Amino acid sequence: MLNRLSLLSLALAAAFGASAHAASTTQYLIIAENGKQIGQQVVQHEDDGLTKVRFSYKDNGRGPELEEQFRVGADGTMTEYTVKGSSTFGNAVNEHFERKGDQAQWKATSEQGSKSVSGPAAYLPLNSSFEVVSANIAALAATADGKLPLLPSGTLSQRVLDTVEVTGDDAAHPQTQTVQLVAQTGVGLSPSFYWATTGAKPRLFGVVIPGFATMLEQGWQHNGAALATRQKAAESKMLADVAAQLQHPLTGLTVVRNARVFDSEKATVDAPSDVYVLRGRITAVLPAGAPVRGAVNQIDAGGRIMLPGLFDMHGHVDRWSGALNLAAGVTSVRDMGNDNAQLQQMLDETVAGKLLAPQVVPAGFLEGESPYSANGGFVIKDLAQAKNAIDWYAEHGYPQLKIYNSFPKAILKETVAYAHSRGMRVSGHIPAGLRAQQALDAGYDEIQHINQVLLNFLVTPTTETRTLERFTLPAEKVAGLDFNSRPVRDYVAELAKKQISIDPTLSAFAFLKQRDGDMSEPFGPIAEHMPPDVKRGFSVGTMKIADDASYQRYQKSYDKMVQFVGILYRAGVPIVAGTDDLAGFTLQSELQLLVKAGLTPAQALQVATRNGARYTRTSNERGSIVPGKLADLVLVDGDPTKDIADVRKVAAVITRGYLIYPREIDTALGIAPFVQEQPAVQALAPVSTNHASAGGNDGARARIEALARQRD
């Protein structure tokens with residue numbers, strides 16, 4: 001859940017606006033979907049135009065603490081801005097921006113710069129409150145075209161999607177006002193949705209994140225559910241339009257010619273083949289150049305490598321991440337924790353073709369109540385509630401259960417046994433107060449994250465792994481861990497003997513050794529392709545690394561985590577490829593890190609295909625390119641079985657009966673494409689049947705045939 005929460009921290013490191021009139025103070029509460037308060041923001045508007053904000057947010061034992069202040073000019077954009085505090089994982093936040101006339105300059109812990117600019121331009125802080133969003137809403141409303149240049153670079157756009165009248169919380173003193181839903185684009189890789197007031201100088205009214213949290217101006221909080229419903233409807237229309245534009249239906253029998261098929265069982269590349277696809281399934285795999293009988297379309301693969309659709313085994317899907325997954329060749333994602341209602345809606349939208357998304361294999365999220373609880377899925381107190389949650393997941397087709405940090409250790413074994421009795425695999429974090437060995441003894445089938453695997457040798461019964469200690473302790477101690485010691489060797493042997501699969505998410509954990517200003521290792525290879533604001537974020541450190549000695553120690557610890565995954569693999573422990581970070585691109589980085597751990601590129605691809613299917617129990621229809629299975633197919637330039645970096649060169653993807661071109665997705669998102677040529681669909685003349693005459697008039701035919709029978 002690193003990706004969802006770390007990105008939310010940057011987004012939630014942004015809370016609410018109040019009008020810049022006379023001096024005033026407004027408090028906002030951040031309320032999780034389950035009703036639990038997980039943060040607050042206090043906004044002070046001073047008489048002299050200075051705005052001060054105190055913001056804190058905590059979920060899953062982590063979150064930012066920020067204090068900021070800023071002023072705006074006549075055009076509504078900030079002329080000076082300062083924020084200090086700590087980021088999600090404890091790194092220091094210290095950023096300042098100032099504009100005097102046409103000269104702007106800024107400095108943060110990870111960067112500094114200056115730029116000459118004329119006219120309105122909005123500075124984009126690396127960490128901020130939503131009060132900055134409020135200022136931008138007003139500044140954008142004052143422009144003629146709803147666009148505003150960004151500093152250091154980029155353009156922010158805004159359009160209105162909906163308006164609605166809302167009422168205040170106090171029925172004894174009724175209040176009403178009209179608010180509008182705006183969508184902003186130009187920051188990140190998906191739109192941001194905000195509710196704003198109306199009028200000449202609109203400001204932020206609130207933020208609704210369906211399935212996670214609601215943040216509304218104090219005195220109006222009961223409107224959250226109604227606003228979420230309207231927001232999801234408006235968002236659904238946008239998503240359906242995107243899906244219609246970027247999903248190209250493959251109608252009739254289609255042959256993909258001259259493809260070099262990756263055999264995921266043998267981890268080898270076969271001789272060139274022609275692969276036939278009909279109604280979303282593979283119907284035949286024949287030697288290249290075999291006679292074509294009845295296909296109506298052909299796609300010339302041009303000798304490209306054809307991979308089975310890749311699996312991301314640790315996602316937290318949302319309605320906008322699907323495009324990034326598909327552009328990276330990821331056609332299946334195991335969702336490892338989500339809001340249950342939100343995920344069910346996404347599954348329905350995907351089946352209906354209204355969502356550009358991979359196929360999702362859901363894992364049910366199960367957490368216990370504590371001050372550190374994550375707030376997705378089911379949060380339970382006792383065994384009866386745990387069994388009720390498992391029943392719900394089983395009845396909704398979830399093949400796996402994921403247990404989280406605050407789960408009550410006293411009922412762990414009984415809970416795992418009950419999930420097994422309902423036919424579910426069980427995996428997760430290690431509940432606080434236990435070692436991984438004890439979770440294995442309780443019946444775990446899989447462990448999430450390399451830190452959870454290695455904490456087995458680092459924790460004591462009093463270690464608080466629900467806080468940042470689950471990150472700082474491995475960063476400090478793995479460097480000195482002896483992998484040749486008897487306890488470690490026995491542990492690895494047991495993992496292999498029991499065939500406990502490991503979901504290391506190495507790419508996500510690279511943050512342990514990233515300093516401010518250094519490019520993130522997993523995202524270095526794609527940084528130059530990204531929009532400027534996204535690239536900028538890749539150099540922001542998240543861990544508090546005190547000094548050079550700490551950095552060297554954290555670097556060594558992370559390198560040994562990568563090394564340990566190689567040790568596990570060579571010992572016969574099943575490895576799966578998961579991300580828990582930026583969709584699509586992180587899976588490609590994870591495969592590169594598996595190669596760094598000692599796997600061959602072909603073995604890494606096998607992990608992302610065959611193992612993905614095996615440990616989602618979908619091998620009957622996914623994970624390999626054979627007749628009868630789903631036509632989840634990925635055409636790649638170069639040869640990723642020799643150079644794993646070539647896995648980023650995805651030219652085309654086929655899934656769910658659609659042809660998808662990553663180049664089109666990249667262009668739409670402001671990403672410089674990784675391939676330029678995309679294999680086109682060509683219509684073929686009918687051979688064995690005349691599809692042009694297909695049709696019928698069954699009523700008239702029945703009448704004729706009935707008359708004919710009467711004359712027999």
# chains A, B, ... in the order shown; residues from 1 in each chain; ligands from 1
>>> select_by_dssp(residues="range 103-234 of chain A", states="strand (DSSP E)", output="ChimeraX atom specification")
/A:103-107,112-116,122-123,147-151,155-167,176-185,192-197,204-209,213-216
>>> residues_around(residues="Phe89 in chain A", least_positions_apart="2", cutoff="8 Å", atoms="only C-alpha atoms", output="number ranges by chain")
A: 62-64, 86-87, 91, 468, 542-544
>>> write_last_selection(atoms="all heavy atoms", output="short mmCIF file (atom, residue, chain, number, x, y, z; two decimals), in the first residue's frame")
data_model
loop_
_atom_site.label_atom_id
_atom_site.label_comp_id
_atom_site.auth_asym_id
_atom_site.auth_seq_id
_atom_site.Cartn_x
_atom_site.Cartn_y
_atom_site.Cartn_z
N ARG A 62 1.63 6.29 9.60
CA ARG A 62 2.54 7.23 8.96
C ARG A 62 1.76 8.35 8.29
O ARG A 62 0.57 8.23 8.02
CB ARG A 62 3.42 6.51 7.93
CG ARG A 62 2.63 5.83 6.83
CD ARG A 62 3.53 5.07 5.89
NE ARG A 62 2.80 4.46 4.79
CZ ARG A 62 2.81 3.17 4.52
NH1 ARG A 62 3.49 2.35 5.29
NH2 ARG A 62 2.15 2.70 3.49
N GLY A 63 2.46 9.43 8.01
CA GLY A 63 1.83 10.56 7.35
C GLY A 63 2.61 11.83 7.62
O GLY A 63 3.48 11.89 8.49
N PRO A 64 2.32 12.91 6.87
CA PRO A 64 3.09 14.15 6.98
C PRO A 64 2.59 15.05 8.10
O PRO A 64 1.45 14.97 8.55
CB PRO A 64 2.85 14.82 5.62
CG PRO A 64 1.48 14.35 5.24
CD PRO A 64 1.36 12.94 5.76
N SER A 86 7.60 17.49 8.23
CA SER A 86 8.14 16.16 7.91
C SER A 86 7.22 15.48 6.91
O SER A 86 6.00 15.69 6.90
CB SER A 86 8.26 15.30 9.17
OG SER A 86 7.00 15.16 9.81
N SER A 87 7.82 14.64 6.06
CA SER A 87 7.07 13.94 5.03
C SER A 87 6.48 12.65 5.59
O SER A 87 6.63 12.33 6.77
CB SER A 87 7.99 13.61 3.85
OG SER A 87 8.94 12.63 4.23
N ASN A 91 11.06 12.28 6.48
CA ASN A 91 12.09 13.14 5.93
C ASN A 91 11.74 14.60 6.19
O ASN A 91 10.56 14.98 6.22
CB ASN A 91 12.24 12.91 4.43
CG ASN A 91 13.47 13.58 3.86
OD1 ASN A 91 14.50 13.68 4.51
ND2 ASN A 91 13.37 14.05 2.63
N LEU A 468 6.84 3.80 11.81
CA LEU A 468 7.94 3.84 10.84
C LEU A 468 9.08 2.90 11.21
O LEU A 468 9.99 2.69 10.40
CB LEU A 468 8.47 5.27 10.71
CG LEU A 468 7.52 6.30 10.09
CD1 LEU A 468 8.20 7.66 10.03
CD2 LEU A 468 7.06 5.87 8.71
N THR A 542 12.27 10.41 0.89
CA THR A 542 11.17 10.26 1.84
C THR A 542 11.62 9.82 3.22
O THR A 542 10.98 10.12 4.21
CB THR A 542 10.13 9.25 1.31
OG1 THR A 542 10.79 8.03 0.98
CG2 THR A 542 9.43 9.79 0.08
N MET A 543 12.72 9.08 3.30
CA MET A 543 13.25 8.64 4.60
C MET A 543 14.10 9.75 5.22
O MET A 543 14.77 10.50 4.52
CB MET A 543 14.12 7.40 4.44
CG MET A 543 13.34 6.11 4.33
SD MET A 543 12.76 5.50 5.92
CE MET A 543 14.30 4.89 6.61
N LYS A 544 14.10 9.81 6.54
CA LYS A 544 15.00 10.71 7.25
C LYS A 544 16.36 10.04 7.35
O LYS A 544 16.54 9.08 8.10
CB LYS A 544 14.45 11.03 8.64
CG LYS A 544 15.29 12.04 9.41
CD LYS A 544 14.66 12.37 10.75
CE LYS A 544 15.48 13.41 11.50
NZ LYS A 544 14.86 13.75 12.81
#
>>> residues_around(residues="range 191-207 of chain A", least_positions_apart="6", cutoff="6 Å", atoms="only C-alpha atoms", output="list of chain:residue names")
A:Gly17, A:Ser134, A:Ala138, A:Val179, A:Gln180, A:Leu181, A:Val182, A:Ala183, A:Gln184, A:Thr185, A:Met215, A:Leu216, A:Glu217
>>> closest_residue(among="A:Glu664, A:Asp643, A:Asp300, A:Asp170", to="Trp220 in chain A", atoms="only C-alpha atoms")
A:Asp170
>>> closest_residue(among="A:Trp392, A:Val634, A:His429, A:Val607", to="Leu659 in chain A", atoms="only C-alpha atoms")
A:Val634
>>> residues_around(residues="Arg614 in chain A", least_positions_apart="4", cutoff="12 Å", atoms="only C-alpha atoms", output="ChimeraX atom specification")
/A:264-265,311,313,425,501,574-576,606-610,618-624
>>> write_last_selection(atoms="N, CA, C and O atoms", output="CSV table (one decimal), in the first residue's frame")
chain,number,residue,atom,x,y,z
A,264,SER,N,6.7,-19.3,-21.2
A,264,SER,CA,6.9,-19.0,-19.8
A,264,SER,C,7.1,-20.2,-18.9
A,264,SER,O,7.7,-20.1,-17.8
A,265,GLU,N,6.9,-21.4,-19.4
A,265,GLU,CA,7.2,-22.6,-18.6
A,265,GLU,C,8.7,-22.9,-18.8
A,265,GLU,O,9.3,-23.3,-17.8
A,311,PHE,N,1.9,-9.8,-14.9
A,311,PHE,CA,1.2,-9.7,-13.7
A,311,PHE,C,1.9,-8.7,-12.8
A,311,PHE,O,3.1,-8.8,-12.6
A,313,MET,N,1.7,-8.3,-9.0
A,313,MET,CA,1.2,-9.0,-7.9
A,313,MET,C,1.0,-8.2,-6.6
A,313,MET,O,0.6,-8.8,-5.5
A,425,ARG,N,-6.2,-18.5,-0.2
A,425,ARG,CA,-4.8,-18.3,0.3
A,425,ARG,C,-4.7,-17.2,1.3
A,425,ARG,O,-5.6,-16.3,1.3
A,501,SER,N,5.4,-18.3,-0.9
A,501,SER,CA,5.7,-17.3,-1.9
A,501,SER,C,6.1,-16.0,-1.3
A,501,SER,O,5.5,-15.6,-0.2
A,574,PRO,N,9.4,-19.6,-4.0
A,574,PRO,CA,8.7,-18.9,-5.1
A,574,PRO,C,8.7,-17.4,-4.9
A,574,PRO,O,8.4,-16.9,-3.8
A,575,ILE,N,9.0,-16.7,-6.0
A,575,ILE,CA,9.1,-15.2,-6.0
A,575,ILE,C,8.0,-14.7,-6.9
A,575,ILE,O,7.8,-15.3,-8.0
A,576,VAL,N,7.2,-13.7,-6.5
A,576,VAL,CA,6.3,-13.0,-7.4
A,576,VAL,C,6.7,-11.6,-7.6
A,576,VAL,O,7.4,-11.0,-6.7
A,606,GLN,N,9.6,-14.9,-16.4
A,606,GLN,CA,8.9,-16.1,-16.0
A,606,GLN,C,8.2,-15.8,-14.6
A,606,GLN,O,7.0,-16.2,-14.4
A,607,VAL,N,8.8,-15.1,-13.8
A,607,VAL,CA,8.2,-14.7,-12.5
A,607,VAL,C,7.0,-13.8,-12.7
A,607,VAL,O,6.0,-14.0,-12.0
A,608,ALA,N,7.1,-12.9,-13.7
A,608,ALA,CA,6.0,-12.0,-14.0
A,608,ALA,C,4.9,-12.6,-14.8
A,608,ALA,O,3.9,-11.9,-15.0
A,609,THR,N,5.1,-13.8,-15.3
A,609,THR,CA,4.0,-14.4,-16.1
A,609,THR,C,3.5,-15.7,-15.5
A,609,THR,O,2.5,-15.7,-14.9
A,610,ARG,N,4.4,-16.7,-15.6
A,610,ARG,CA,3.9,-18.0,-15.0
A,610,ARG,C,3.7,-18.0,-13.5
A,610,ARG,O,2.6,-18.5,-13.1
A,618,THR,N,-4.8,-18.6,-11.5
A,618,THR,CA,-5.4,-18.4,-12.8
A,618,THR,C,-4.7,-19.1,-13.9
A,618,THR,O,-4.8,-18.7,-15.1
A,619,SER,N,-3.9,-20.1,-13.6
A,619,SER,CA,-3.0,-20.7,-14.6
A,619,SER,C,-3.9,-21.4,-15.7
A,619,SER,O,-3.4,-21.6,-16.8
A,620,ASN,N,-5.1,-21.7,-15.4
A,620,ASN,CA,-6.0,-22.3,-16.4
A,620,ASN,C,-6.3,-21.4,-17.5
A,620,ASN,O,-6.7,-21.8,-18.6
A,621,GLU,N,-6.1,-20.0,-17.3
A,621,GLU,CA,-6.5,-19.1,-18.4
A,621,GLU,C,-5.4,-18.0,-18.6
A,621,GLU,O,-5.6,-17.2,-19.6
A,622,ARG,N,-4.4,-17.9,-17.8
A,622,ARG,CA,-3.4,-16.9,-18.0
A,622,ARG,C,-2.0,-17.4,-17.8
A,622,ARG,O,-1.8,-18.5,-17.4
A,623,GLY,N,-1.0,-16.6,-18.1
A,623,GLY,CA,0.4,-16.9,-17.8
A,623,GLY,C,1.2,-17.5,-18.9
A,623,GLY,O,2.4,-17.6,-18.7
A,624,SER,N,0.5,-18.0,-19.9
A,624,SER,CA,1.2,-18.6,-21.0
A,624,SER,C,0.4,-18.4,-22.3
A,624,SER,O,-0.8,-18.1,-22.3
>>> closest_atom_pairs(of="range 135-227 of chain A", to="range 342-355 of chain A", cutoff="12 Å", atoms="only C-alpha atoms", output="tab-separated table")
residue	atom	partner	partner_atom	distance
A:Ile209	CA	A:Gln342	CA	10.5
A:Pro210	CA	A:Gln342	CA	7.2
A:Gly211	CA	A:Gln342	CA	5.7
A:Phe212	CA	A:Gln342	CA	9.3
